[in-house]
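Below is the file start12.pdb, which contains PDB, C-alpha atoms.
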ATOM      1  CA  MET A   1      66.272  98.464 107.500
ATOM      2  CA  ARG A   2      67.801  98.940 110.936
ATOM      3  CA  LEU A   3      71.099  97.349 111.801
ATOM      4  CA  SER A   4      71.917  95.944 115.191
ATOM      5  CA  VAL A   5      74.874  97.248 117.197
ATOM      6  CA  GLY A   6      76.869  94.129 116.343
ATOM      7  CA  GLU A   7      76.217  94.548 112.611
ATOM      8  CA  LYS A   8      77.262  98.208 112.733
ATOM      9  CA  VAL A   9      80.466  97.301 114.561
ATOM     10  CA  GLY A  10      81.145  94.528 112.056
ATOM     11  CA  GLN A  11      80.656  96.835 109.075
ATOM     12  CA  THR A  12      82.889  99.465 110.666
ATOM     13  CA  VAL A  13      85.643  96.925 111.229
ATOM     14  CA  ILE A  14      85.346  95.721 107.610
ATOM     15  CA  VAL A  15      85.546  99.294 106.268
ATOM     16  CA  VAL A  16      88.604 100.064 108.429
ATOM     17  CA  LEU A  17      90.391  96.869 107.388
ATOM     18  CA  LEU A  18      89.656  97.422 103.693
ATOM     19  CA  SER A  19      90.801 101.045 103.983
ATOM     20  CA  LEU A  20      94.084  99.943 105.550
ATOM     21  CA  LEU A  21      94.496  97.335 102.814
ATOM     22  CA  CYS A  22      93.938  99.937 100.097
ATOM     23  CA  LEU A  23      96.391 102.283 101.806
ATOM     24  CA  SER A  24      99.039  99.569 101.970
ATOM     25  CA  VAL A  25      98.672  99.069  98.210
ATOM     26  CA  ILE A  26      98.496 102.731  97.176
ATOM     27  CA  TYR A  27     101.195 104.171  99.445
ATOM     28  CA  PRO A  28     104.235 102.382  97.890
ATOM     29  CA  PHE A  29     103.092 103.575  94.461
ATOM     30  CA  LEU A  30     102.756 107.186  95.662
ATOM     31  CA  TYR A  31     106.129 106.949  97.389
ATOM     32  CA  MET A  32     107.904 105.785  94.228
ATOM     33  CA  LEU A  33     106.120 108.463  92.202
ATOM     34  CA  ALA A  34     107.263 111.158  94.642
ATOM     35  CA  ILE A  35     110.874 109.926  94.536
ATOM     36  CA  SER A  36     110.861 109.824  90.737
ATOM     37  CA  LEU A  37     109.649 113.448  90.589
ATOM     38  CA  ASN A  38     112.150 114.673  93.180
ATOM     39  CA  GLU A  39     115.789 115.699  92.796
ATOM     40  CA  GLY A  40     117.869 112.630  93.539
ATOM     41  CA  ALA A  41     120.281 114.139  96.065
ATOM     42  CA  ASP A  42     117.433 115.822  97.919
ATOM     43  CA  ALA A  43     115.419 112.591  98.051
ATOM     44  CA  ALA A  44     118.476 110.758  99.409
ATOM     45  CA  LYS A  45     118.304 112.954 102.519
ATOM     46  CA  GLY A  46     114.961 111.337 103.397
ATOM     47  CA  GLY A  47     111.652 112.879 104.295
ATOM     48  CA  VAL A  48     110.036 112.429 100.851
ATOM     49  CA  TYR A  49     106.968 110.275 101.363
ATOM     50  CA  LEU A  50     103.842 111.359  99.458
ATOM     51  CA  TRP A  51     104.843 114.285  97.220
ATOM     52  CA  PRO A  52     108.123 115.633  95.834
ATOM     53  CA  ARG A  53     109.911 118.200  97.940
ATOM     54  CA  SER A  54     112.071 119.496  95.074
ATOM     55  CA  PHE A  55     110.145 118.864  91.861
ATOM     56  CA  THR A  56     111.979 117.921  88.661
ATOM     57  CA  LEU A  57     111.366 115.947  85.461
ATOM     58  CA  ILE A  58     115.037 115.269  84.752
ATOM     59  CA  ASN A  59     114.735 111.647  85.870
ATOM     60  CA  TYR A  60     112.082 110.968  83.218
ATOM     61  CA  GLU A  61     114.073 112.861  80.587
ATOM     62  CA  ILE A  62     117.037 110.564  81.190
ATOM     63  CA  VAL A  63     114.907 107.414  81.197
ATOM     64  CA  LEU A  64     112.871 108.274  78.100
ATOM     65  CA  GLY A  65     116.012 109.503  76.327
ATOM     66  CA  ASN A  66     117.529 106.042  76.508
ATOM     67  CA  GLU A  67     117.412 104.209  73.172
ATOM     68  CA  VAL A  68     117.407 100.823  74.884
ATOM     69  CA  ILE A  69     114.339 101.533  76.999
ATOM     70  CA  ARG A  70     112.467 103.006  74.026
ATOM     71  CA  SER A  71     113.156  99.810  72.106
ATOM     72  CA  ALA A  72     112.208  97.776  75.192
ATOM     73  CA  TYR A  73     108.887  99.620  75.334
ATOM     74  CA  LEU A  74     108.089  98.732  71.738
ATOM     75  CA  ILE A  75     108.986  95.089  72.394
ATOM     76  CA  THR A  76     106.816  95.015  75.525
ATOM     77  CA  ILE A  77     103.829  96.619  73.806
ATOM     78  CA  ALA A  78     104.159  94.317  70.790
ATOM     79  CA  ARG A  79     104.465  91.139  72.871
ATOM     80  CA  THR A  80     101.601  92.177  75.144
ATOM     81  CA  VAL A  81      99.197  92.913  72.293
ATOM     82  CA  LEU A  82     100.209  90.009  70.048
ATOM     83  CA  GLY A  83     100.709  87.564  72.916
ATOM     84  CA  THR A  84      97.297  88.345  74.400
ATOM     85  CA  ILE A  85      95.503  87.991  71.068
ATOM     86  CA  VAL A  86      97.257  84.723  70.213
ATOM     87  CA  GLY A  87      96.816  83.371  73.736
ATOM     88  CA  MET A  88      93.099  84.126  73.835
ATOM     89  CA  LEU A  89      92.543  82.709  70.352
ATOM     90  CA  VAL A  90      94.384  79.459  71.105
ATOM     91  CA  THR A  91      92.699  79.123  74.504
ATOM     92  CA  LEU A  92      89.239  79.751  73.069
ATOM     93  CA  ILE A  93      89.687  77.314  70.177
ATOM     94  CA  ALA A  94      91.038  74.584  72.467
ATOM     95  CA  ALA A  95      88.259  75.082  75.012
ATOM     96  CA  TYR A  96      85.605  75.200  72.280
ATOM     97  CA  GLY A  97      86.803  71.936  70.791
ATOM     98  CA  LEU A  98      87.049  70.165  74.156
ATOM     99  CA  SER A  99      83.617  71.417  75.192
ATOM    100  CA  HIS A 100      82.031  69.029  72.679
ATOM    101  CA  ARG A 101      81.398  65.819  74.584
ATOM    102  CA  GLY A 102      81.418  63.792  71.370
ATOM    103  CA  LEU A 103      85.034  64.738  70.583
ATOM    104  CA  PRO A 104      87.160  61.571  70.082
ATOM    105  CA  PHE A 105      89.736  60.956  72.860
ATOM    106  CA  ARG A 106      88.337  63.937  74.768
ATOM    107  CA  LYS A 107      89.004  62.486  78.236
ATOM    108  CA  GLY A 108      92.531  61.495  77.292
ATOM    109  CA  ILE A 109      93.311  64.976  75.957
ATOM    110  CA  LEU A 110      91.919  66.610  79.102
ATOM    111  CA  ALA A 111      94.007  64.278  81.273
ATOM    112  CA  TYR A 112      97.114  65.100  79.237
ATOM    113  CA  VAL A 113      96.514  68.848  79.587
ATOM    114  CA  LEU A 114      95.922  68.427  83.323
ATOM    115  CA  ILE A 115      99.253  66.619  83.713
ATOM    116  CA  THR A 116     101.071  69.627  82.213
ATOM    117  CA  MET A 117      99.619  71.768  85.007
ATOM    118  CA  LEU A 118     101.054  69.478  87.690
ATOM    119  CA  PHE A 119     104.439  68.521  86.241
ATOM    120  CA  SER A 120     107.045  70.218  84.068
ATOM    121  CA  GLY A 121     110.363  69.192  82.583
ATOM    122  CA  GLY A 122     112.284  71.971  84.313
ATOM    123  CA  LEU A 123     114.144  75.054  83.135
ATOM    124  CA  VAL A 124     117.116  73.358  81.432
ATOM    125  CA  PRO A 125     115.067  70.955  79.227
ATOM    126  CA  PHE A 126     112.743  73.837  78.384
ATOM    127  CA  TYR A 127     115.677  76.007  77.323
ATOM    128  CA  ILE A 128     117.130  73.173  75.224
ATOM    129  CA  GLN A 129     113.756  72.746  73.530
ATOM    130  CA  LEU A 130     113.534  76.464  72.735
ATOM    131  CA  PHE A 131     117.109  76.398  71.409
ATOM    132  CA  ASN A 132     116.425  73.403  69.159
ATOM    133  CA  LEU A 133     113.303  75.097  67.823
ATOM    134  CA  GLY A 134     115.302  78.223  67.019
ATOM    135  CA  LEU A 135     113.241  80.431  69.323
ATOM    136  CA  THR A 136     116.015  81.692  71.589
ATOM    137  CA  ASN A 137     117.104  85.257  70.939
ATOM    138  CA  THR A 138     114.032  85.917  68.781
ATOM    139  CA  PHE A 139     110.827  87.845  69.346
ATOM    140  CA  LEU A 140     108.750  84.675  68.970
ATOM    141  CA  VAL A 141     110.152  83.337  72.244
ATOM    142  CA  TYR A 142     107.721  85.709  73.948
ATOM    143  CA  ILE A 143     104.701  84.521  71.935
ATOM    144  CA  ILE A 144     104.829  80.815  71.078
ATOM    145  CA  PRO A 145     105.727  79.270  74.494
ATOM    146  CA  THR A 146     102.968  81.279  76.207
ATOM    147  CA  ALA A 147     100.317  80.832  73.496
ATOM    148  CA  PHE A 148      98.534  78.131  75.492
ATOM    149  CA  SER A 149      97.675  78.174  79.183
ATOM    150  CA  ALA A 150      96.165  75.024  80.667
ATOM    151  CA  TRP A 151      94.620  76.974  83.548
ATOM    152  CA  ASN A 152      92.977  79.516  81.250
ATOM    153  CA  MET A 153      91.756  76.709  79.015
ATOM    154  CA  PHE A 154      90.042  74.896  81.889
ATOM    155  CA  VAL A 155      88.420  78.132  83.090
ATOM    156  CA  MET A 156      87.170  78.878  79.587
ATOM    157  CA  LEU A 157      86.036  75.265  79.194
ATOM    158  CA  LYS A 158      83.885  75.488  82.317
ATOM    159  CA  PHE A 159      82.360  78.702  81.029
ATOM    160  CA  LEU A 160      81.556  77.245  77.597
ATOM    161  CA  GLN A 161      79.972  74.184  79.174
ATOM    162  CA  GLY A 162      77.528  76.542  80.892
ATOM    163  CA  ILE A 163      76.232  77.850  77.560
ATOM    164  CA  PRO A 164      72.973  76.032  76.649
ATOM    165  CA  GLU A 165      73.503  73.397  73.993
ATOM    166  CA  ALA A 166      70.200  74.455  72.440
ATOM    167  CA  LEU A 167      71.965  77.523  71.007
ATOM    168  CA  ASN A 168      74.462  75.379  69.136
ATOM    169  CA  GLU A 169      71.793  72.945  68.007
ATOM    170  CA  SER A 170      69.538  75.693  66.674
ATOM    171  CA  ALA A 171      72.485  77.233  64.825
ATOM    172  CA  GLU A 172      73.348  73.850  63.308
ATOM    173  CA  LEU A 173      69.753  73.435  62.155
ATOM    174  CA  ASP A 174      70.052  76.794  60.391
ATOM    175  CA  GLY A 175      73.119  75.511  58.547
ATOM    176  CA  ALA A 176      75.863  77.097  60.635
ATOM    177  CA  GLY A 177      79.148  75.244  60.865
ATOM    178  CA  PRO A 178      81.496  75.056  63.897
ATOM    179  CA  VAL A 179      83.541  78.084  62.784
ATOM    180  CA  ARG A 180      80.475  80.268  62.286
ATOM    181  CA  ILE A 181      79.042  79.154  65.638
ATOM    182  CA  LEU A 182      82.340  80.013  67.311
ATOM    183  CA  PHE A 183      82.592  83.533  65.923
ATOM    184  CA  GLN A 184      78.906  84.508  65.854
ATOM    185  CA  ILE A 185      77.590  82.826  69.005
ATOM    186  CA  ILE A 186      80.354  81.669  71.338
ATOM    187  CA  ILE A 187      82.651  84.705  71.182
ATOM    188  CA  PRO A 188      79.875  87.323  71.730
ATOM    189  CA  LEU A 189      78.636  85.359  74.744
ATOM    190  CA  SER A 190      82.184  84.932  76.064
ATOM    191  CA  LYS A 191      83.211  88.603  76.108
ATOM    192  CA  PRO A 192      83.233  88.914  79.944
ATOM    193  CA  MET A 193      85.344  85.780  80.364
ATOM    194  CA  LEU A 194      87.650  86.742  77.487
ATOM    195  CA  ALA A 195      88.127  90.177  79.050
ATOM    196  CA  ALA A 196      89.023  88.665  82.424
ATOM    197  CA  LEU A 197      91.429  86.086  81.024
ATOM    198  CA  GLY A 198      92.773  88.613  78.521
ATOM    199  CA  LEU A 199      93.621  91.060  81.283
ATOM    200  CA  PHE A 200      95.411  88.352  83.263
ATOM    201  CA  THR A 201      97.329  87.329  80.141
ATOM    202  CA  ALA A 202      98.228  90.911  79.214
ATOM    203  CA  VAL A 203      99.481  91.690  82.720
ATOM    204  CA  GLY A 204     101.525  88.497  82.649
ATOM    205  CA  HIS A 205     103.168  89.518  79.368
ATOM    206  CA  TRP A 206     103.748  93.090  80.505
ATOM    207  CA  ASN A 207     105.325  92.125  83.836
ATOM    208  CA  ASP A 208     107.416  89.222  82.544
ATOM    209  CA  TRP A 209     111.165  89.806  82.794
ATOM    210  CA  PHE A 210     112.244  86.166  83.000
ATOM    211  CA  ALA A 211     112.044  85.335  79.285
ATOM    212  CA  GLY A 212     114.065  88.390  78.282
ATOM    213  CA  ALA A 213     116.703  87.681  80.904
ATOM    214  CA  PHE A 214     117.259  83.977  80.150
ATOM    215  CA  TYR A 215     116.215  83.393  76.545
ATOM    216  CA  VAL A 216     117.386  86.626  74.887
ATOM    217  CA  THR A 217     120.891  88.100  74.688
ATOM    218  CA  ASP A 218     120.232  90.834  72.119
ATOM    219  CA  GLN A 219     119.602  94.093  73.997
ATOM    220  CA  SER A 220     117.344  95.306  71.198
ATOM    221  CA  LEU A 221     114.920  92.430  71.945
ATOM    222  CA  ILE A 222     114.617  92.728  75.722
ATOM    223  CA  PRO A 223     111.283  93.913  77.188
ATOM    224  CA  VAL A 224     111.071  96.864  79.543
ATOM    225  CA  GLN A 225     110.753  94.681  82.646
ATOM    226  CA  THR A 226     114.029  92.930  81.829
ATOM    227  CA  PHE A 227     115.652  96.334  81.417
ATOM    228  CA  LEU A 228     114.257  97.298  84.808
ATOM    229  CA  GLN A 229     115.660  94.097  86.333
ATOM    230  CA  GLN A 230     119.087  94.929  84.873
ATOM    231  CA  LEU A 231     118.832  98.475  86.157
ATOM    232  CA  LEU A 232     117.889  97.358  89.669
ATOM    233  CA  ASN A 233     121.064  95.259  89.741
ATOM    234  CA  ALA A 234     123.205  98.097  88.375
ATOM    235  CA  SER A 235     125.682  99.918  90.594
ATOM    236  CA  ASP A 236     125.933 103.148  88.573
ATOM    237  CA  LEU A 237     124.106 105.206  85.967
ATOM    238  CA  SER A 238     125.898 103.666  82.973
ATOM    239  CA  ALA A 239     122.874 101.401  82.368
ATOM    240  CA  VAL A 240     120.739 104.344  81.296
ATOM    241  CA  MET A 241     123.350 106.166  79.266
ATOM    242  CA  GLY A 242     124.107 105.607  75.620
ATOM    243  CA  SER A 243     122.572 108.431  73.559
ATOM    244  CA  ASN A 244     123.378 112.085  72.991
ATOM    245  CA  ASN A 245     120.038 113.089  74.472
ATOM    246  CA  ASN A 246     120.911 111.192  77.609
ATOM    247  CA  GLN A 247     124.296 112.853  77.886
ATOM    248  CA  GLU A 248     122.724 116.288  77.558
ATOM    249  CA  ALA A 249     120.070 115.435  80.136
ATOM    250  CA  LEU A 250     122.737 114.037  82.431
ATOM    251  CA  ALA A 251     124.785 117.217  82.065
ATOM    252  CA  ARG A 252     121.770 119.313  83.054
ATOM    253  CA  GLY A 253     120.817 116.812  85.722
ATOM    254  CA  SER A 254     124.239 116.936  87.324
ATOM    255  CA  GLN A 255     123.266 120.345  88.647
ATOM    256  CA  GLN A 256     120.263 118.687  90.308
ATOM    257  CA  ASN A 257     122.348 115.767  91.646
ATOM    258  CA  ILE A 258     120.476 112.848  90.144
ATOM    259  CA  THR A 259     120.964 109.467  91.781
ATOM    260  CA  LEU A 260     120.574 105.867  90.699
ATOM    261  CA  MET A 261     117.619 105.462  93.075
ATOM    262  CA  SER A 262     115.674 108.323  91.493
ATOM    263  CA  ILE A 263     116.315 106.867  88.042
ATOM    264  CA  LYS A 264     115.143 103.435  89.203
ATOM    265  CA  MET A 265     111.904 104.905  90.539
ATOM    266  CA  ALA A 266     111.313 106.721  87.247
ATOM    267  CA  VAL A 267     111.773 103.463  85.310
ATOM    268  CA  VAL A 268     109.338 101.696  87.666
ATOM    269  CA  MET A 269     106.734 104.385  87.048
ATOM    270  CA  VAL A 270     107.254 104.346  83.297
ATOM    271  CA  SER A 271     106.857 100.562  83.217
ATOM    272  CA  ALA A 272     103.837 100.403  85.556
ATOM    273  CA  ILE A 273     101.575 103.285  84.529
ATOM    274  CA  PRO A 274     100.578 102.061  81.005
ATOM    275  CA  ILE A 275      99.198  98.717  82.171
ATOM    276  CA  LEU A 276      97.367 100.449  85.024
ATOM    277  CA  CYS A 277      95.595 102.676  82.494
ATOM    278  CA  VAL A 278      94.156  99.633  80.694
ATOM    279  CA  TYR A 279      92.177  98.310  83.666
ATOM    280  CA  PRO A 280      89.453 101.036  83.849
ATOM    281  CA  PHE A 281      88.409 100.273  80.264
ATOM    282  CA  LEU A 282      88.010  96.547  81.018
ATOM    283  CA  GLN A 283      86.723  96.807  84.576
ATOM    284  CA  LYS A 284      83.064  96.134  83.697
ATOM    285  CA  TYR A 285      83.830  92.980  81.720
ATOM    286  CA  PHE A 286      86.606  91.940  84.095
ATOM    287  CA  VAL A 287      84.416  91.962  87.208
ATOM    288  CA  LYS A 288      81.582  90.158  85.393
ATOM    289  CA  GLY A 289      83.974  87.576  83.960
ATOM    290  CA  VAL A 290      85.598  86.853  87.311
ATOM    291  CA  LEU A 291      82.180  86.492  88.947
ATOM    292  CA  ILE A 292      80.955  84.098  86.253
ATOM    293  CA  GLY A 293      84.181  82.110  86.405
ATOM    294  CA  SER A 294      84.054  81.791  90.184
ATOM    295  CA  VAL A 295      80.452  80.534  90.079
ATOM    296  CA  LYS A 296      80.878  78.096  87.187
ATOM    297  CA  GLY A 297      84.343  76.931  88.265
TER     298      GLY A 297
END
So that I can check it, write out the structure of this file as structure tokens.
Amino acid sequence: MRLSVGEKVGQTVIVVLLSLLCLSVIYPFLYMLAISLNEGADAAKGGVYLWPRSFTLINYEIVLGNEVIRSAYLITIARTVLGTIVGMLVTLIAAYGLSHRGLPFRKGILAYVLITMLFSGGLVPFYIQLFNLGLTNTFLVYIIPTAFSAWNMFVMLKFLQGIPEALNESAELDGAGPVRILFQIIIPLSKPMLAALGLFTAVGHWNDWFAGAFYVTDQSLIPVQTFLQQLLNASDLSAVMGSNNNQEALARGSQQNITLMSIKMAVVMVSAIPILCVYPFLQKYFVKGVLIGSVKG
């Protein structure tokens, strides 16, 4: 099929614009990676853009040798895995129940959930509520308040309403109850949407620093993003010290003139790479789920 001159020019412009967009996204990541793999004092001179000029791993040795960041990693991984599972389960159950048009007070419940999307009590009342519930300074403060998302519930609800009712009716005729229908029919059909919403939820948990900064005071309970936020506000390297391994690495690193900036870039890389590695495994379901959600929404 031949393309006209205008169509060729249009496609060329689209390719150029998308290439520039991709470059604008990839370049900052490559820049931070190069700084994190470069000697700090050498990087401070400038001129390090895409690859390290004086390669070293001392920045990562100092970061990974910190007991606080190792604990923060475990907290982040635990809250991401548990928070995503709980969030998807609660969202799916709520959407499945509200998808039944014969549910008593269904319209009132939907209106109530919609109101929570538009209005909130504010940060101070929310903190007081968490304090009265005994959730502050506990691991559950990362899980329970985020277990339900009104937006995710409405997206899942629209998807479930697109599933033919004949499937549920035939299963009921065969003697299947609501729980069996949910786990044997609804969940297998909802894998693309669950993957899409699950990825959004997991990224939200992984990148969240706010809860650890405002609702937790115990350093052993902070997630890695909160540690990164504290480090970005630090004025010296004392934030990443605290273990014998760190002191040894710092002693060796002093010969390579490490800087706070190089340490910050190493922490950014350490906190960003794991969640980036998850996407390729969910890409097929993620793209399909987003497409289905955009059509049915």
(message) Given the PyMOL selection byres ((chain A and resi 199) around 9) and the file above, list the residues it selects as a ChimeraX atom specification.
(response) /A:84,194-198,200-204,278-279,282,286
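Put simply, CA of Met88 in chain A is 11.1 Å away from CA of Lys191 in chain A.
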(request) Find the residue from A:Leu135, A:Leu167, A:Leu123, A:Val268 that sits nearest to Ala34 in chain A; use all atoms listed in the file when measuring. (result) A:Val268
(request) Do a neighbour search on range 19-27 of chain A at 8 Å with all atoms listed in the file, toss out local chain neighbours closer than 4 positions, and write the hits as an NGL selection string. (result) :A and (15 or 31 or 50)
(request) Might you pull out every residue within 10 Å of Ala43 in chain A, with all atoms listed in the file counted and same-chain residues fewer than 2 positions away left off, and present them as a PyMOL selection string? (result) chain A and resi 34-41+45-49+52-54+257-259+261-262
Box in all listed atoms of range 123-142 of chain A, axis-aligned, with 5 Å more on each side; write out centre and edge lengths in Å to one decimal as AutoDock Vina command-line options.
--center_x 112.4 --center_y 79.4 --center_z 75.1 --size_x 19.4 --size_y 26.9 --size_z 26.1
